[in-house]
Every structure is written in C-alpha cells, then in structure tokens.
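What's in final.txt: compact mmCIF, C-alpha atoms
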```
# COMPACT_ATOMS: atom_id res chain seq x y z
CA MET A 231 2.39 22.67 -22.77
CA THR A 232 1.86 18.97 -22.54
CA LEU A 233 -1.41 17.13 -22.06
CA ILE A 234 -0.60 16.79 -18.35
CA ASP A 235 -0.22 20.56 -18.07
CA TYR A 236 -3.63 21.15 -19.66
CA LEU A 237 -5.26 18.57 -17.40
CA SER A 238 -3.55 20.12 -14.39
CA ALA A 239 -4.61 23.64 -15.38
CA ALA A 240 -8.21 22.55 -15.94
CA LEU A 241 -8.38 20.89 -12.50
CA LEU A 242 -6.79 23.90 -10.77
CA ILE A 243 -9.18 26.34 -12.45
CA ALA A 244 -12.16 24.13 -11.56
CA GLY A 245 -10.87 24.02 -7.97
CA ALA A 246 -10.55 27.81 -7.88
CA PHE A 247 -14.14 28.07 -9.13
CA PHE A 248 -15.39 26.04 -6.15
CA PHE A 249 -13.34 28.13 -3.70
CA LEU A 250 -14.95 31.21 -5.24
CA ALA A 251 -18.38 29.60 -4.83
CA GLY A 252 -17.64 28.92 -1.15
CA THR A 253 -16.59 32.50 -0.54
CA VAL A 254 -19.52 34.01 -2.47
CA GLY A 255 -21.80 31.72 -0.46
CA LEU A 256 -20.24 32.99 2.77
CA LEU A 257 -21.13 36.54 1.71
CA ARG A 258 -24.51 35.93 0.04
CA PHE A 259 -26.19 33.25 2.12
CA PRO A 260 -28.61 34.47 4.79
CA ASP A 261 -27.54 32.79 8.07
CA VAL A 262 -24.73 30.92 9.81
CA TYR A 263 -26.07 27.46 8.95
CA THR A 264 -26.49 28.02 5.23
CA ARG A 265 -23.09 29.74 5.09
CA LEU A 266 -21.50 26.66 6.64
CA HIS A 267 -23.10 24.55 3.90
CA ALA A 268 -21.44 26.71 1.25
CA LEU A 269 -18.04 26.83 2.95
CA THR A 270 -17.61 23.17 3.89
CA LYS A 271 -18.96 21.55 0.75
CA ALA A 272 -17.63 23.94 -1.89
CA ASP A 273 -14.17 24.27 -0.30
CA ASN A 274 -13.90 20.51 0.14
CA VAL A 275 -14.51 19.98 -3.58
CA GLY A 276 -12.27 22.95 -4.45
CA LEU A 277 -9.37 21.57 -2.46
CA GLY A 278 -9.98 18.06 -3.83
CA LEU A 279 -9.72 19.35 -7.41
CA MET A 280 -6.61 21.40 -6.58
CA VAL A 281 -4.97 18.35 -4.99
CA MET A 282 -5.72 16.34 -8.14
CA GLY A 283 -4.42 19.15 -10.33
CA LEU A 284 -1.14 19.21 -8.40
CA ALA A 285 -0.93 15.42 -8.06
CA VAL A 286 -0.82 14.86 -11.82
CA GLN A 287 2.28 17.10 -11.91
CA ALA A 288 3.94 15.59 -8.83
CA LYS A 289 7.47 14.26 -9.20
CA SER A 290 7.09 11.28 -6.87
CA TRP A 291 4.43 9.03 -5.39
CA SER A 292 5.22 10.23 -1.90
CA ALA A 293 4.40 13.79 -3.02
CA VAL A 294 1.04 12.52 -4.28
CA GLY A 295 0.54 10.79 -0.92
CA LYS A 296 1.29 14.03 0.94
CA LEU A 297 -1.23 15.97 -1.15
CA VAL A 298 -3.93 13.36 -0.55
CA LEU A 299 -3.08 13.33 3.15
CA ILE A 300 -3.50 17.12 3.29
CA TRP A 301 -6.89 16.82 1.65
CA ILE A 302 -8.04 14.12 4.10
CA LEU A 303 -6.92 16.18 7.12
CA VAL A 304 -8.60 19.36 5.86
CA LEU A 305 -11.73 17.36 5.13
CA LEU A 306 -11.82 15.99 8.68
CA ALA A 307 -11.08 19.39 10.21
CA GLY A 308 -13.62 21.15 7.98
CA ALA A 309 -16.46 18.76 8.76
CA SER A 310 -15.68 18.78 12.51
CA ILE A 311 -15.43 22.57 12.71
CA ALA A 312 -18.62 23.07 10.69
CA HIS A 313 -20.34 20.79 13.19
CA LEU A 314 -18.91 22.71 16.18
CA VAL A 315 -19.78 26.16 14.78
CA SER A 316 -23.36 25.16 13.94
CA ARG A 317 -23.78 23.45 17.32
CA GLY A 318 -22.52 26.60 19.03
CA ALA A 319 -24.97 28.69 17.04
CA LEU A 320 -27.84 26.37 17.91
CA GLN A 321 -26.97 26.39 21.62
CA ARG A 322 -26.91 30.20 21.60
CA GLY A 323 -30.43 30.07 20.22
CA ILE A 324 -29.64 31.48 16.80
CA ASP A 325 -32.70 30.72 14.74
CA LEU A 326 -32.40 29.44 11.24
CA TRP A 327 -33.38 31.53 8.28
CA ARG A 328 -36.53 30.36 6.57
CA ARG A 329 -37.91 31.18 3.17
CA MET B 106 1.37 -5.83 24.55
CA ILE B 107 -1.34 -6.02 21.93
CA SER B 108 -3.49 -8.96 22.78
CA VAL B 109 -7.14 -9.67 23.07
CA LYS B 110 -7.99 -13.01 24.60
CA GLY B 111 -8.93 -15.78 22.22
CA LYS B 112 -8.42 -13.74 19.09
CA ASN B 113 -5.86 -13.86 16.38
CA ASN B 114 -4.42 -10.37 16.18
CA TRP B 115 -2.02 -10.83 13.30
CA PRO B 116 -4.33 -9.62 10.50
CA LEU B 117 -4.98 -6.48 12.55
CA ILE B 118 -1.32 -5.84 13.33
CA ILE B 119 -0.30 -6.39 9.73
CA SER B 120 -3.04 -4.22 8.19
CA ARG B 121 -2.61 -1.32 10.62
CA GLY B 122 1.15 -1.67 10.63
CA GLY B 123 1.03 -1.50 6.84
CA LEU B 124 -1.10 1.62 6.95
CA PHE B 125 1.24 3.43 9.35
CA PHE B 126 4.23 2.19 7.35
CA VAL B 127 2.80 3.86 4.23
CA LEU B 128 2.05 7.05 6.19
CA TRP B 129 5.62 7.23 7.47
CA TRP B 130 6.97 6.57 4.00
CA ILE B 131 4.82 9.42 2.62
CA LEU B 132 5.99 11.85 5.30
CA THR B 133 9.70 11.05 5.00
CA ASP B 134 9.99 10.12 1.30
CA GLY B 135 11.35 6.80 2.54
CA VAL B 136 14.73 8.19 3.65
CA ALA B 137 16.58 5.16 4.99
CA SER B 138 17.90 6.74 8.21
CA SER B 139 14.39 7.90 9.20
CA TRP B 140 13.29 4.32 9.93
CA TRP B 141 15.19 4.39 13.25
CA ILE B 142 12.44 6.73 14.42
CA GLY B 143 9.76 5.39 12.10
CA GLY B 144 9.94 1.77 13.22
CA PRO B 145 9.20 2.45 16.91
CA ALA B 146 6.65 5.12 15.94
CA ILE B 147 4.76 2.60 13.80
CA LEU B 148 4.74 0.04 16.64
CA LEU B 149 3.46 2.64 19.11
CA ALA B 150 0.82 3.80 16.63
CA VAL B 151 -0.42 0.22 16.14
CA ALA B 152 -0.61 -0.28 19.92
CA THR B 153 -2.42 3.03 20.45
CA SER B 154 -4.88 2.39 17.62
CA THR B 155 -5.73 -0.99 19.12
CA ILE B 156 -6.85 0.76 22.29
CA LEU B 157 -8.72 3.57 20.53
CA LEU B 158 -10.37 1.38 17.89
CA PRO B 159 -10.57 -2.20 19.16
CA PRO B 160 -10.11 -5.02 16.66
CA GLY B 161 -12.99 -6.46 14.73
CA SER B 162 -14.95 -3.23 14.62
CA PHE B 163 -13.84 -1.98 11.26
CA VAL B 164 -14.39 -3.65 7.89
CA TRP B 165 -11.76 -2.35 5.44
CA TYR B 166 -13.53 -3.78 2.45
CA GLU B 167 -16.66 -1.78 3.24
CA PHE B 168 -14.54 1.31 3.83
CA LEU B 169 -13.01 0.94 0.37
CA LYS B 170 -16.54 0.68 -1.05
CA PHE B 171 -17.50 3.84 0.86
CA VAL B 172 -14.67 5.92 -0.65
CA PRO B 173 -15.98 6.18 -4.26
CA PHE B 174 -19.53 6.68 -2.98
CA PHE B 175 -18.32 9.50 -0.74
CA LEU B 176 -16.15 11.14 -3.43
CA LEU B 177 -18.99 11.18 -5.95
CA ARG B 178 -21.63 12.37 -3.49
CA SER B 179 -19.39 15.08 -2.01
CA LEU B 180 -18.59 16.32 -5.53
CA LEU B 181 -22.34 16.53 -6.15
CA GLY B 182 -22.66 18.31 -2.80
CA GLY B 183 -20.18 20.95 -3.95
CA ILE B 184 -21.87 21.37 -7.32
CA ASP B 185 -25.29 21.59 -5.65
CA VAL B 186 -24.22 24.31 -3.24
CA ALA B 187 -22.26 26.22 -5.93
CA TRP B 188 -25.39 26.25 -8.10
CA ARG B 189 -27.44 27.72 -5.26
CA VAL B 190 -24.73 30.29 -4.50
CA PHE B 191 -24.56 31.69 -8.03
CA HIS B 192 -28.28 31.46 -8.80
CA PRO B 193 -29.76 34.99 -8.64
CA ALA B 194 -32.69 33.84 -6.45
CA MET B 195 -30.54 31.51 -4.26
CA PRO B 196 -33.09 28.66 -4.32
CA MET B 197 -33.31 26.95 -0.93
CA SER B 198 -35.78 26.24 1.85
CA PRO B 199 -33.77 25.33 4.95
CA VAL B 200 -35.21 23.22 7.72
CA LEU B 201 -33.81 21.65 10.88
CA ILE B 202 -34.63 17.97 11.29
CA GLU B 203 -33.97 15.45 14.05
CA TYR B 204 -32.69 12.10 12.95
CA THR B 205 -32.75 9.29 15.48
CA HIS B 206 -29.57 7.30 15.09
CA ARG B 207 -29.85 3.58 14.66
CA LEU B 208 -26.07 3.25 14.69
CA PRO B 209 -24.17 2.35 17.87
CA THR B 210 -22.85 5.24 19.97
CA GLY B 211 -19.29 6.41 19.44
CA MET B 212 -17.23 6.17 16.27
CA PRO B 213 -20.02 5.03 13.91
CA GLN B 214 -22.28 7.94 14.91
CA VAL B 215 -19.46 10.48 14.69
CA PHE B 216 -18.33 9.08 11.35
CA MET B 217 -21.83 9.46 9.97
CA ALA B 218 -22.24 12.98 11.39
CA ASN B 219 -19.01 14.12 9.76
CA SER B 220 -19.81 12.42 6.45
CA ILE B 221 -23.21 13.98 5.97
CA SER B 222 -21.80 17.50 6.45
CA LEU B 223 -19.96 17.00 3.17
CA LEU B 224 -22.81 15.36 1.27
CA PRO B 225 -25.40 17.32 -0.72
CA GLY B 226 -27.68 19.58 1.29
CA THR B 227 -27.11 18.25 4.81
CA LEU B 228 -25.10 19.67 7.72
CA SER B 229 -24.82 17.88 11.05
CA THR B 230 -25.55 20.40 13.77
CA GLU B 231 -25.84 18.59 17.06
CA LEU B 232 -25.26 15.03 18.18
CA ASP B 233 -26.81 14.26 21.51
CA GLN B 234 -27.74 10.82 22.83
CA ASP B 235 -28.62 9.12 19.56
CA VAL B 236 -30.43 12.17 18.21
CA LEU B 237 -28.65 13.93 15.39
CA LYS B 238 -29.91 17.39 14.52
CA ILE B 239 -29.36 18.05 10.85
CA HIS B 240 -29.68 21.34 9.01
CA VAL B 241 -31.13 20.60 5.59
CA LEU B 242 -30.63 23.16 2.85
CA ASP B 243 -33.60 22.13 0.73
CA SER B 244 -36.59 20.63 2.50
CA GLN B 245 -38.02 19.58 -0.87
CA GLY B 246 -35.16 17.18 -1.60
CA ASN B 247 -35.12 13.48 -0.73
CA PHE B 248 -32.56 13.87 2.04
CA LEU B 249 -34.06 11.04 4.12
CA ALA B 250 -33.21 8.41 1.50
CA GLU B 251 -29.68 9.80 1.37
CA LEU B 252 -29.29 9.72 5.16
CA GLU B 253 -30.54 6.14 5.33
CA GLU B 254 -28.12 5.08 2.64
CA VAL B 255 -25.18 6.66 4.50
CA GLU B 256 -26.37 5.06 7.74
CA GLN B 257 -26.50 1.60 6.19
CA ARG B 258 -23.07 1.98 4.62
CA VAL B 259 -21.55 3.18 7.89
CA ALA B 260 -23.21 0.27 9.72
CA ARG B 261 -21.63 -2.22 7.34
CA MET B 262 -18.27 -0.48 7.70
CA PHE B 263 -18.31 -0.81 11.48
CA ASP B 264 -19.85 -4.27 11.33
CA ALA B 265 -22.84 -3.05 13.34
CA SER B 266 -26.51 -3.81 13.06
CA LEU B 267 -29.01 -0.96 13.03
CA LYS B 268 -31.19 -0.56 16.07
CA VAL B 269 -34.91 -0.78 15.46
CA SER B 270 -36.09 2.80 15.66
CA GLU B 271 -39.00 3.76 17.87
CA GLY B 272 -40.51 6.17 15.39
CA GLY B 273 -40.06 9.90 15.71
CA ARG B 274 -37.69 10.95 13.02
```

Let me see the structure of the file written as structure tokens.
Amino acid sequence: MTLIDYLSAALLIAGAFFFLAGTVGLLRFPDVYTRLHALTKADNVGLGLMVMGLAVQAKSWSAVGKLVLIWILVLLAGASIAHLVSRGALQRGIDLWRR
Amino acid sequence: MISVKGKNNWPLIISRGGLFFVLWWILTDGVASSWWIGGPAILLAVATSTILLPPGSFVWYEFLKFVPFFLLRSLLGGIDVAWRVFHPAMPMSPVLIEYTHRLPTGMPQVFMANSISLLPGTLSTELDQDVLKIHVLDSQGNFLAELEEVEQRVARMFDASLKVSEGGR
C-alpha cells in the first residue's frame, strides 16, 4: 500500500464512523428534531470524508469534480429536506422533547 | 438577450459562463463532440441564471471566504453531534428559538436557513416572513453569536445590509 492508499483508507473509515453516528443518533435520539440534527450533520461530514477519501485515489480531475459535485448536491438536498421534515413536524404540532 | 440597462454585463457572463463551462467539463470528461450540446446548454444556463439571480447580487469573493468557514464549522457540527450520540447520557437540552431575520427576503434568507442546519447545534425549522424558527440542540451553547456571524457573512456575500431589528429575538 502506498501513502495515498493509507490516507484514503483513513478518510473512508472516518467517513464510515460519521455515518454510523448519524444512524445511531436516528435510533437513540428522543424526537424528530434531534434525530434530524444527527442525520443531517453527521451524514454530511461522513459523505464529505468519503468524497475526500475517494478523490485522493481518483484517476482524473473531472472524477474529483464529479465527487465534489455529488457532495454539494447531497448537502443541498439534505439541508432542504431536514428543513421540510422539521417544518412538517412543527405544523402538525409535534412538541419538542425537553430535558 | 441578457441585458440590464446601463450595466456592463461582461464580467457576469464570463464568470457564470466559466462556471457552467467547468460543470459541463466535469460531467462529460471534456469529450470533444459533447460541446455541440454543451455550448448551447451553457448559453441557456447563463441566460436562465441571470433571470433567477440578477447581476450584482452575489459577491464571489465573499462566497470563497465563506467556503472554508462553512467546511470547518460543519465538520465541528458533525463531531459535536457524534459526541452527543455516543455519550451514554446523550447530553443535550433542546429548545426552539425564533430568530428575526435582518437579511433581505429570498435567496439570502434561504441560504442562511440551509447553512445553519449543517452548523453545530442548530436546525432551521420554519421560515416565515422574516422569522426563522430554529431548533437548538443545546440551549447552554452560544448559538446566538454563531447565528449572527453566519448572518453577517451571508449579508456580505449577497451585498446586502442588515435591517435594524426591532427587538424580539
């Protein structure tokens, strides 16, 4: 394995860790709003790290561009959908969990 | 086709044309024959973007300054939420706050709402007539300073001045 492979592996594993955190948060957190926090933020970082891990191995600059483009689109979609789901929950009168 | 009276549109056409050129190149790997479709598509995209986002309302330099800020803060947002997820006691004290926008209606407000959902501890929940409802994961944190910083950066990006707020935030 070359240095690039180690760097790539480290970034991919770190990305997987954040995806795991997002999913555990979805299961553990108490209400829809807090679950959205876990999903949007952790998955955004997880995907960002995975994109970086794959980008360092990419064969061409346009492949890097495609990966970054995917990340930007998922980021936009994730933030917008989190907003829509939480707005829907609020309009249905779902109260937020309090300590 | 693309003209606004009394303004020089060339910087706009060149910068947006360049952006769409790069996008097309990324999607097609720069295959020579694809430019027969790509050329007209880029021109149409520039024309459409001029209607959707009129010239003069977006400062690229400020956007480039926003990118590293956003990347760092969203990384911290992920770490923050991962820490709460794996902590046995799940430390958090959620609260719903109302933030009165001082940004102009439209793109700047939406941009800010989407940004803060990815920053540490804040989730935009409802945007209604200048009032942004935000779900805050930890009411003990200094989320207000963070929101104000994002607001100021977005204002500079859209070349807008912040409205004087009438209290009530």

Residues near Ser316 in chain A, cut-off 8 Å, only C-alpha atoms, skip fewer than 4 positions along chain, as a list in words: Val262, Tyr263, Leu266, Ala312 and Leu320 of chain A; Ser229, Thr230 and Glu231 of chain B

Closest of B:Ser198, B:Ser266, B:Ser139, B:Asn114 to chain A, counting only C-alpha atoms, is B:Ser198

Considering all atoms listed in the file, return as a PyMOL selection string whatever protein or nucleic-acid residues lie within 7 Å of Leu256 in chain A, sequence-local ones (same chain, fewer than 2 positions apart) excluded. chain A and resi 252-254+258-259+265+268-269

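Relative to CA of Gln321 in chain A, CA of Phe216 in chain B is found at 21.9 Å.
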
Would you be able to write out as a ChimeraX atom specification which residues have an atom within 9 Å of (-29.8, 5.5, 19.8) in the file's coordinates, counting all atoms listed in the file? /B:205-210,234-236,268,270
